[in-house]
file protein.txt (compact mmCIF, N, CA and C atoms)
# COMPACT_ATOMS: atom_id res chain seq x y z
N MET A 37 -16.18 -30.54 -2.51
CA MET A 37 -17.03 -29.82 -3.43
C MET A 37 -18.09 -30.79 -3.95
N ASN A 38 -19.30 -30.33 -4.01
CA ASN A 38 -20.40 -31.15 -4.50
C ASN A 38 -20.48 -30.99 -6.02
N TRP A 39 -19.89 -31.93 -6.73
CA TRP A 39 -19.81 -31.82 -8.19
C TRP A 39 -21.16 -31.95 -8.86
N LYS A 40 -22.11 -32.65 -8.24
CA LYS A 40 -23.46 -32.76 -8.82
C LYS A 40 -24.12 -31.39 -8.88
N THR A 41 -23.95 -30.61 -7.82
CA THR A 41 -24.52 -29.26 -7.80
C THR A 41 -23.83 -28.36 -8.82
N VAL A 42 -22.52 -28.48 -8.94
CA VAL A 42 -21.79 -27.66 -9.90
C VAL A 42 -22.21 -28.00 -11.33
N ILE A 43 -22.28 -29.29 -11.65
CA ILE A 43 -22.66 -29.71 -12.99
C ILE A 43 -24.10 -29.31 -13.29
N ALA A 44 -24.98 -29.45 -12.30
CA ALA A 44 -26.37 -29.03 -12.50
C ALA A 44 -26.47 -27.53 -12.72
N GLY A 45 -25.71 -26.74 -11.97
CA GLY A 45 -25.73 -25.29 -12.13
C GLY A 45 -25.17 -24.85 -13.46
N VAL A 46 -24.04 -25.44 -13.87
CA VAL A 46 -23.44 -25.07 -15.15
C VAL A 46 -24.35 -25.44 -16.30
N SER A 47 -24.89 -26.64 -16.26
CA SER A 47 -25.72 -27.08 -17.40
C SER A 47 -27.05 -26.35 -17.45
N ARG A 48 -27.71 -26.20 -16.31
CA ARG A 48 -29.04 -25.58 -16.33
C ARG A 48 -28.99 -24.06 -16.48
N TYR A 49 -28.24 -23.40 -15.60
CA TYR A 49 -28.26 -21.94 -15.58
C TYR A 49 -27.22 -21.33 -16.51
N GLY A 50 -26.06 -21.98 -16.63
CA GLY A 50 -25.01 -21.43 -17.47
C GLY A 50 -25.19 -21.70 -18.94
N LEU A 51 -25.67 -22.89 -19.28
CA LEU A 51 -25.82 -23.23 -20.69
C LEU A 51 -27.24 -23.05 -21.20
N VAL A 52 -28.21 -23.64 -20.51
CA VAL A 52 -29.58 -23.62 -21.02
C VAL A 52 -30.20 -22.23 -20.91
N TYR A 53 -30.26 -21.68 -19.69
CA TYR A 53 -30.94 -20.40 -19.50
C TYR A 53 -30.15 -19.23 -20.11
N ALA A 54 -28.86 -19.17 -19.81
CA ALA A 54 -28.05 -18.08 -20.37
C ALA A 54 -27.91 -18.24 -21.88
N GLY A 55 -27.74 -19.49 -22.33
CA GLY A 55 -27.64 -19.73 -23.77
C GLY A 55 -28.91 -19.36 -24.51
N ALA A 56 -30.06 -19.69 -23.91
CA ALA A 56 -31.33 -19.31 -24.53
C ALA A 56 -31.50 -17.80 -24.57
N THR A 57 -31.07 -17.12 -23.51
CA THR A 57 -31.15 -15.66 -23.48
C THR A 57 -30.31 -15.04 -24.59
N VAL A 58 -29.06 -15.48 -24.69
CA VAL A 58 -28.16 -14.94 -25.71
C VAL A 58 -28.67 -15.28 -27.11
N LEU A 59 -29.16 -16.50 -27.31
CA LEU A 59 -29.65 -16.92 -28.62
C LEU A 59 -30.86 -16.10 -29.05
N VAL A 60 -31.81 -15.91 -28.14
CA VAL A 60 -33.02 -15.15 -28.48
C VAL A 60 -32.67 -13.69 -28.77
N VAL A 61 -31.85 -13.08 -27.91
CA VAL A 61 -31.49 -11.67 -28.13
C VAL A 61 -30.65 -11.53 -29.40
N GLY A 62 -29.72 -12.45 -29.61
CA GLY A 62 -28.89 -12.39 -30.81
C GLY A 62 -29.67 -12.55 -32.09
N LEU A 63 -30.60 -13.52 -32.10
CA LEU A 63 -31.40 -13.74 -33.31
C LEU A 63 -32.44 -12.63 -33.52
N ALA A 64 -33.01 -12.14 -32.43
CA ALA A 64 -34.05 -11.12 -32.55
C ALA A 64 -33.49 -9.77 -32.98
N THR A 65 -32.32 -9.42 -32.47
CA THR A 65 -31.81 -8.08 -32.76
C THR A 65 -30.74 -8.06 -33.84
N GLN A 66 -30.01 -9.17 -34.02
CA GLN A 66 -28.87 -9.21 -34.94
C GLN A 66 -27.92 -8.06 -34.68
N SER A 67 -27.83 -7.67 -33.42
CA SER A 67 -27.03 -6.51 -33.04
C SER A 67 -25.89 -6.95 -32.13
N GLU A 68 -24.69 -6.56 -32.51
CA GLU A 68 -23.54 -6.85 -31.66
C GLU A 68 -23.61 -6.04 -30.36
N LEU A 69 -24.23 -4.87 -30.41
CA LEU A 69 -24.37 -4.04 -29.22
C LEU A 69 -25.27 -4.69 -28.18
N ALA A 70 -26.36 -5.30 -28.62
CA ALA A 70 -27.28 -5.98 -27.69
C ALA A 70 -26.60 -7.17 -27.02
N VAL A 71 -25.83 -7.92 -27.78
CA VAL A 71 -25.12 -9.07 -27.22
C VAL A 71 -23.99 -8.59 -26.31
N ALA A 72 -23.36 -7.48 -26.64
CA ALA A 72 -22.34 -6.91 -25.76
C ALA A 72 -22.96 -6.48 -24.43
N ALA A 73 -24.20 -5.99 -24.48
CA ALA A 73 -24.90 -5.63 -23.24
C ALA A 73 -25.12 -6.86 -22.38
N LEU A 74 -25.44 -8.00 -22.98
CA LEU A 74 -25.59 -9.25 -22.22
C LEU A 74 -24.26 -9.67 -21.60
N PHE A 75 -23.18 -9.50 -22.33
CA PHE A 75 -21.85 -9.80 -21.81
C PHE A 75 -21.56 -8.95 -20.57
N ILE A 76 -21.88 -7.66 -20.64
CA ILE A 76 -21.66 -6.75 -19.52
C ILE A 76 -22.56 -7.10 -18.35
N VAL A 77 -23.81 -7.46 -18.62
CA VAL A 77 -24.73 -7.88 -17.56
C VAL A 77 -24.20 -9.12 -16.86
N GLY A 78 -23.65 -10.06 -17.63
CA GLY A 78 -23.06 -11.25 -17.04
C GLY A 78 -21.91 -10.92 -16.11
N LEU A 79 -21.04 -10.00 -16.53
CA LEU A 79 -19.93 -9.58 -15.67
C LEU A 79 -20.43 -8.88 -14.41
N LEU A 80 -21.47 -8.07 -14.54
CA LEU A 80 -22.04 -7.39 -13.38
C LEU A 80 -22.66 -8.38 -12.41
N LEU A 81 -23.31 -9.42 -12.93
CA LEU A 81 -23.86 -10.45 -12.06
C LEU A 81 -22.76 -11.17 -11.29
N LEU A 82 -21.65 -11.44 -11.96
CA LEU A 82 -20.52 -12.08 -11.27
C LEU A 82 -19.97 -11.18 -10.17
N LEU A 83 -19.83 -9.89 -10.46
CA LEU A 83 -19.36 -8.95 -9.43
C LEU A 83 -20.34 -8.86 -8.27
N PHE A 84 -21.64 -8.89 -8.58
CA PHE A 84 -22.66 -8.84 -7.54
C PHE A 84 -22.57 -10.06 -6.63
N VAL A 85 -22.43 -11.23 -7.22
CA VAL A 85 -22.38 -12.45 -6.42
C VAL A 85 -21.15 -12.47 -5.52
N PHE A 86 -20.00 -12.07 -6.06
CA PHE A 86 -18.79 -12.08 -5.26
C PHE A 86 -18.76 -10.94 -4.25
N GLY A 87 -19.42 -9.82 -4.56
CA GLY A 87 -19.40 -8.68 -3.65
C GLY A 87 -20.46 -8.71 -2.58
N VAL A 88 -21.68 -9.11 -2.94
CA VAL A 88 -22.80 -9.02 -2.02
C VAL A 88 -23.33 -10.40 -1.62
N GLY A 89 -23.09 -11.39 -2.46
CA GLY A 89 -23.66 -12.71 -2.22
C GLY A 89 -23.10 -13.40 -0.99
N ASN A 90 -23.73 -14.47 -0.61
CA ASN A 90 -23.34 -15.25 0.56
C ASN A 90 -22.37 -16.34 0.11
N VAL A 91 -21.15 -15.94 -0.24
CA VAL A 91 -20.16 -16.88 -0.72
C VAL A 91 -19.33 -17.35 0.46
N ARG A 92 -19.26 -18.65 0.64
CA ARG A 92 -18.49 -19.23 1.75
C ARG A 92 -17.01 -19.23 1.38
N THR A 93 -16.20 -18.79 2.31
CA THR A 93 -14.77 -18.65 2.02
C THR A 93 -13.94 -19.80 2.54
N GLY A 94 -14.49 -20.68 3.36
CA GLY A 94 -13.74 -21.80 3.90
C GLY A 94 -12.78 -21.40 5.00
N GLU A 95 -13.03 -20.28 5.66
CA GLU A 95 -12.16 -19.85 6.75
C GLU A 95 -12.36 -20.77 7.95
N ILE A 96 -11.31 -20.95 8.72
CA ILE A 96 -11.36 -21.82 9.88
C ILE A 96 -12.09 -21.10 11.02
N SER A 97 -13.04 -21.79 11.62
CA SER A 97 -13.76 -21.22 12.76
C SER A 97 -12.91 -21.38 14.01
N THR A 98 -12.79 -20.31 14.78
CA THR A 98 -12.02 -20.39 16.02
C THR A 98 -12.86 -19.89 17.17
N VAL A 99 -12.65 -20.51 18.32
CA VAL A 99 -13.29 -20.05 19.54
C VAL A 99 -12.16 -19.77 20.52
N GLY A 100 -11.96 -18.52 20.83
CA GLY A 100 -10.82 -18.15 21.69
C GLY A 100 -9.52 -18.47 20.97
N TRP A 101 -8.65 -19.22 21.64
CA TRP A 101 -7.38 -19.60 21.03
C TRP A 101 -7.41 -21.00 20.46
N GLU A 102 -8.50 -21.72 20.67
CA GLU A 102 -8.58 -23.10 20.19
C GLU A 102 -9.47 -23.17 18.96
N GLN A 103 -9.17 -24.10 18.10
CA GLN A 103 -10.01 -24.30 16.92
C GLN A 103 -11.17 -25.19 17.31
N ASN A 104 -12.35 -24.81 16.90
CA ASN A 104 -13.55 -25.59 17.20
C ASN A 104 -13.74 -26.62 16.10
N VAL A 105 -13.30 -27.83 16.36
CA VAL A 105 -13.33 -28.89 15.35
C VAL A 105 -14.75 -29.26 14.98
N ASN A 106 -15.67 -29.22 15.93
CA ASN A 106 -17.06 -29.59 15.64
C ASN A 106 -17.68 -28.66 14.61
N ASN A 107 -17.40 -27.36 14.71
CA ASN A 107 -17.92 -26.43 13.72
C ASN A 107 -17.31 -26.67 12.34
N GLN A 108 -16.04 -27.00 12.31
CA GLN A 108 -15.39 -27.27 11.03
C GLN A 108 -16.00 -28.50 10.37
N LEU A 109 -16.26 -29.53 11.15
CA LEU A 109 -16.86 -30.74 10.59
C LEU A 109 -18.28 -30.47 10.12
N ALA A 110 -19.01 -29.64 10.85
CA ALA A 110 -20.37 -29.31 10.44
C ALA A 110 -20.35 -28.52 9.13
N ASP A 111 -19.36 -27.63 8.97
CA ASP A 111 -19.25 -26.86 7.74
C ASP A 111 -18.85 -27.74 6.57
N ALA A 112 -18.09 -28.79 6.84
CA ALA A 112 -17.61 -29.66 5.77
C ALA A 112 -18.66 -30.66 5.31
N HIS A 113 -19.73 -30.83 6.08
CA HIS A 113 -20.77 -31.79 5.70
C HIS A 113 -21.48 -31.33 4.44
N ILE A 114 -21.63 -32.24 3.51
CA ILE A 114 -22.31 -31.92 2.25
C ILE A 114 -23.57 -32.75 2.16
N ASP A 115 -24.68 -32.08 2.00
CA ASP A 115 -25.95 -32.77 1.81
C ASP A 115 -26.10 -33.04 0.32
N HIS A 116 -26.19 -34.30 -0.07
CA HIS A 116 -26.24 -34.64 -1.49
C HIS A 116 -27.57 -34.25 -2.13
N HIS A 117 -28.56 -33.92 -1.32
CA HIS A 117 -29.86 -33.51 -1.86
C HIS A 117 -30.04 -31.99 -1.80
N GLN A 118 -28.95 -31.28 -1.68
CA GLN A 118 -29.00 -29.84 -1.57
C GLN A 118 -29.25 -29.22 -2.95
N TYR A 119 -30.14 -28.25 -3.00
CA TYR A 119 -30.45 -27.57 -4.25
C TYR A 119 -29.46 -26.44 -4.48
N VAL A 120 -29.42 -25.95 -5.71
CA VAL A 120 -28.55 -24.84 -6.04
C VAL A 120 -29.12 -23.58 -5.39
N SER A 121 -28.28 -22.86 -4.65
CA SER A 121 -28.73 -21.67 -3.95
C SER A 121 -28.94 -20.52 -4.95
N ALA A 122 -29.58 -19.47 -4.48
CA ALA A 122 -29.84 -18.31 -5.34
C ALA A 122 -28.54 -17.65 -5.80
N ASP A 123 -27.55 -17.58 -4.91
CA ASP A 123 -26.26 -17.01 -5.30
C ASP A 123 -25.58 -17.84 -6.37
N GLN A 124 -25.68 -19.16 -6.24
CA GLN A 124 -25.07 -20.03 -7.24
C GLN A 124 -25.81 -19.94 -8.57
N LYS A 125 -27.13 -19.79 -8.52
CA LYS A 125 -27.90 -19.62 -9.76
C LYS A 125 -27.46 -18.35 -10.48
N LEU A 126 -27.34 -17.26 -9.73
CA LEU A 126 -26.89 -16.01 -10.34
C LEU A 126 -25.47 -16.13 -10.86
N PHE A 127 -24.61 -16.84 -10.12
CA PHE A 127 -23.23 -17.02 -10.55
C PHE A 127 -23.16 -17.77 -11.88
N PHE A 128 -23.84 -18.91 -11.96
CA PHE A 128 -23.79 -19.71 -13.18
C PHE A 128 -24.47 -19.00 -14.35
N TYR A 129 -25.57 -18.29 -14.08
CA TYR A 129 -26.24 -17.54 -15.13
C TYR A 129 -25.35 -16.41 -15.64
N GLY A 130 -24.72 -15.68 -14.71
CA GLY A 130 -23.81 -14.60 -15.10
C GLY A 130 -22.60 -15.12 -15.85
N LEU A 131 -22.06 -16.25 -15.41
CA LEU A 131 -20.93 -16.86 -16.11
C LEU A 131 -21.32 -17.27 -17.52
N GLY A 132 -22.52 -17.85 -17.65
CA GLY A 132 -23.01 -18.23 -18.98
C GLY A 132 -23.25 -17.02 -19.87
N LEU A 133 -23.86 -15.97 -19.31
CA LEU A 133 -24.09 -14.76 -20.10
C LEU A 133 -22.77 -14.15 -20.57
N ALA A 134 -21.79 -14.07 -19.68
CA ALA A 134 -20.51 -13.47 -20.04
C ALA A 134 -19.81 -14.30 -21.12
N THR A 135 -19.77 -15.60 -20.94
CA THR A 135 -19.07 -16.46 -21.89
C THR A 135 -19.79 -16.53 -23.23
N LEU A 136 -21.08 -16.83 -23.19
CA LEU A 136 -21.84 -16.97 -24.44
C LEU A 136 -22.06 -15.62 -25.12
N GLY A 137 -22.19 -14.55 -24.32
CA GLY A 137 -22.31 -13.21 -24.89
C GLY A 137 -21.05 -12.81 -25.64
N PHE A 138 -19.89 -13.14 -25.07
CA PHE A 138 -18.63 -12.83 -25.75
C PHE A 138 -18.52 -13.65 -27.05
N GLY A 139 -18.91 -14.93 -26.97
CA GLY A 139 -18.87 -15.76 -28.18
C GLY A 139 -19.81 -15.25 -29.26
N ALA A 140 -20.99 -14.78 -28.85
CA ALA A 140 -21.95 -14.24 -29.83
C ALA A 140 -21.44 -12.93 -30.42
N MET A 141 -20.74 -12.13 -29.62
CA MET A 141 -20.14 -10.90 -30.17
C MET A 141 -19.13 -11.22 -31.23
N VAL A 142 -18.33 -12.26 -31.00
CA VAL A 142 -17.32 -12.67 -32.00
C VAL A 142 -18.01 -13.14 -33.27
N VAL A 143 -19.08 -13.94 -33.13
CA VAL A 143 -19.79 -14.46 -34.31
C VAL A 143 -20.47 -13.33 -35.08
N LEU A 144 -21.16 -12.44 -34.37
CA LEU A 144 -21.87 -11.35 -35.05
C LEU A 144 -20.91 -10.31 -35.61
N GLY A 145 -19.78 -10.10 -34.95
CA GLY A 145 -18.83 -9.10 -35.41
C GLY A 145 -17.94 -9.59 -36.53
N GLY A 146 -17.78 -10.92 -36.62
CA GLY A 146 -16.84 -11.46 -37.61
C GLY A 146 -17.54 -11.90 -38.82

call {"tool": "encode", "arguments": {"input": "protein.txt", "output": "structure tokens"}}
result
Amino acid sequence: MNWKTVIAGVSRYGLVYAGATVLVVGLATQSELAVAALFIVGLLLLLFVFGVGNVRTGEISTVGWEQNVNNQLADAHIDHHQYVSADQKLFFYGLGLATLGFGAMVVLGG
């Protein structure tokens, strides 16, 4: 797993962008319903990424009855200069919206 990409995605899309979205909507509306809508949008984004997105499952590639080791090694190669893909951006943004939206609902409701 490329931890640099995961940390970059969580910090940029999950905390900064999703956090800014929840903060602006929460402060502008002061409505628990609006923040609940962000929570639901975050969950829908997660469902979209897992349902429709190009998520790699790590399944073993086989050719006939033999395992193709070259394809497995090519799949395992990690480019350290790889950018966060669109599916990963949506995943981290949706995760941030769901988490921060739920936290904002607790703060506004309590």

call {"tool": "closest_residue", "arguments": {"input": "protein.txt", "among": "A:Gly139, A:Glu68, A:Phe128, A:Leu133", "to": "Ser47 of chain A", "atoms": "only C-alpha atoms"}}
result
A:Phe128

call {"tool": "atom_distance", "arguments": {"input": "protein.txt", "atom1": "atom CA of Leu131 of chain A", "atom2": "atom CA of Leu79 of chain A"}}
result
7.4 Å

call {"tool": "residues_around", "arguments": {"input": "protein.txt", "residues": "segment 81-89 of chain A", "least_positions_apart": "3", "cutoff": "5 Å", "atoms": "only N, CA and C atoms", "output": "list in words"}}
result
Val77, Gly78 and Gly130 of chain A

call {"tool": "closest_residue", "arguments": {"input": "protein.txt", "among": "A:Val71, A:Val120, A:Val58, A:Leu63", "to": "Val42 of chain A", "atoms": "all atoms listed in the file"}}
result
A:Val120

call {"tool": "atom_distance", "arguments": {"input": "protein.txt", "atom1": "atom CA of Ala73 of chain A", "atom2": "atom CA of Gly50 of chain A"}}
result
16.8 Å

call {"tool": "atom_distance", "arguments": {"input": "protein.txt", "atom1": "atom CA of Gly132 of chain A", "atom2": "atom N of Gly55 of chain A"}}
result
5.9 Å

call {"tool": "closest_residue", "arguments": {"input": "protein.txt", "among": "A:Met37, A:Val61, A:Leu74, A:Lys125", "to": "Tyr49 of chain A", "atoms": "all atoms listed in the file"}}
result
A:Lys125
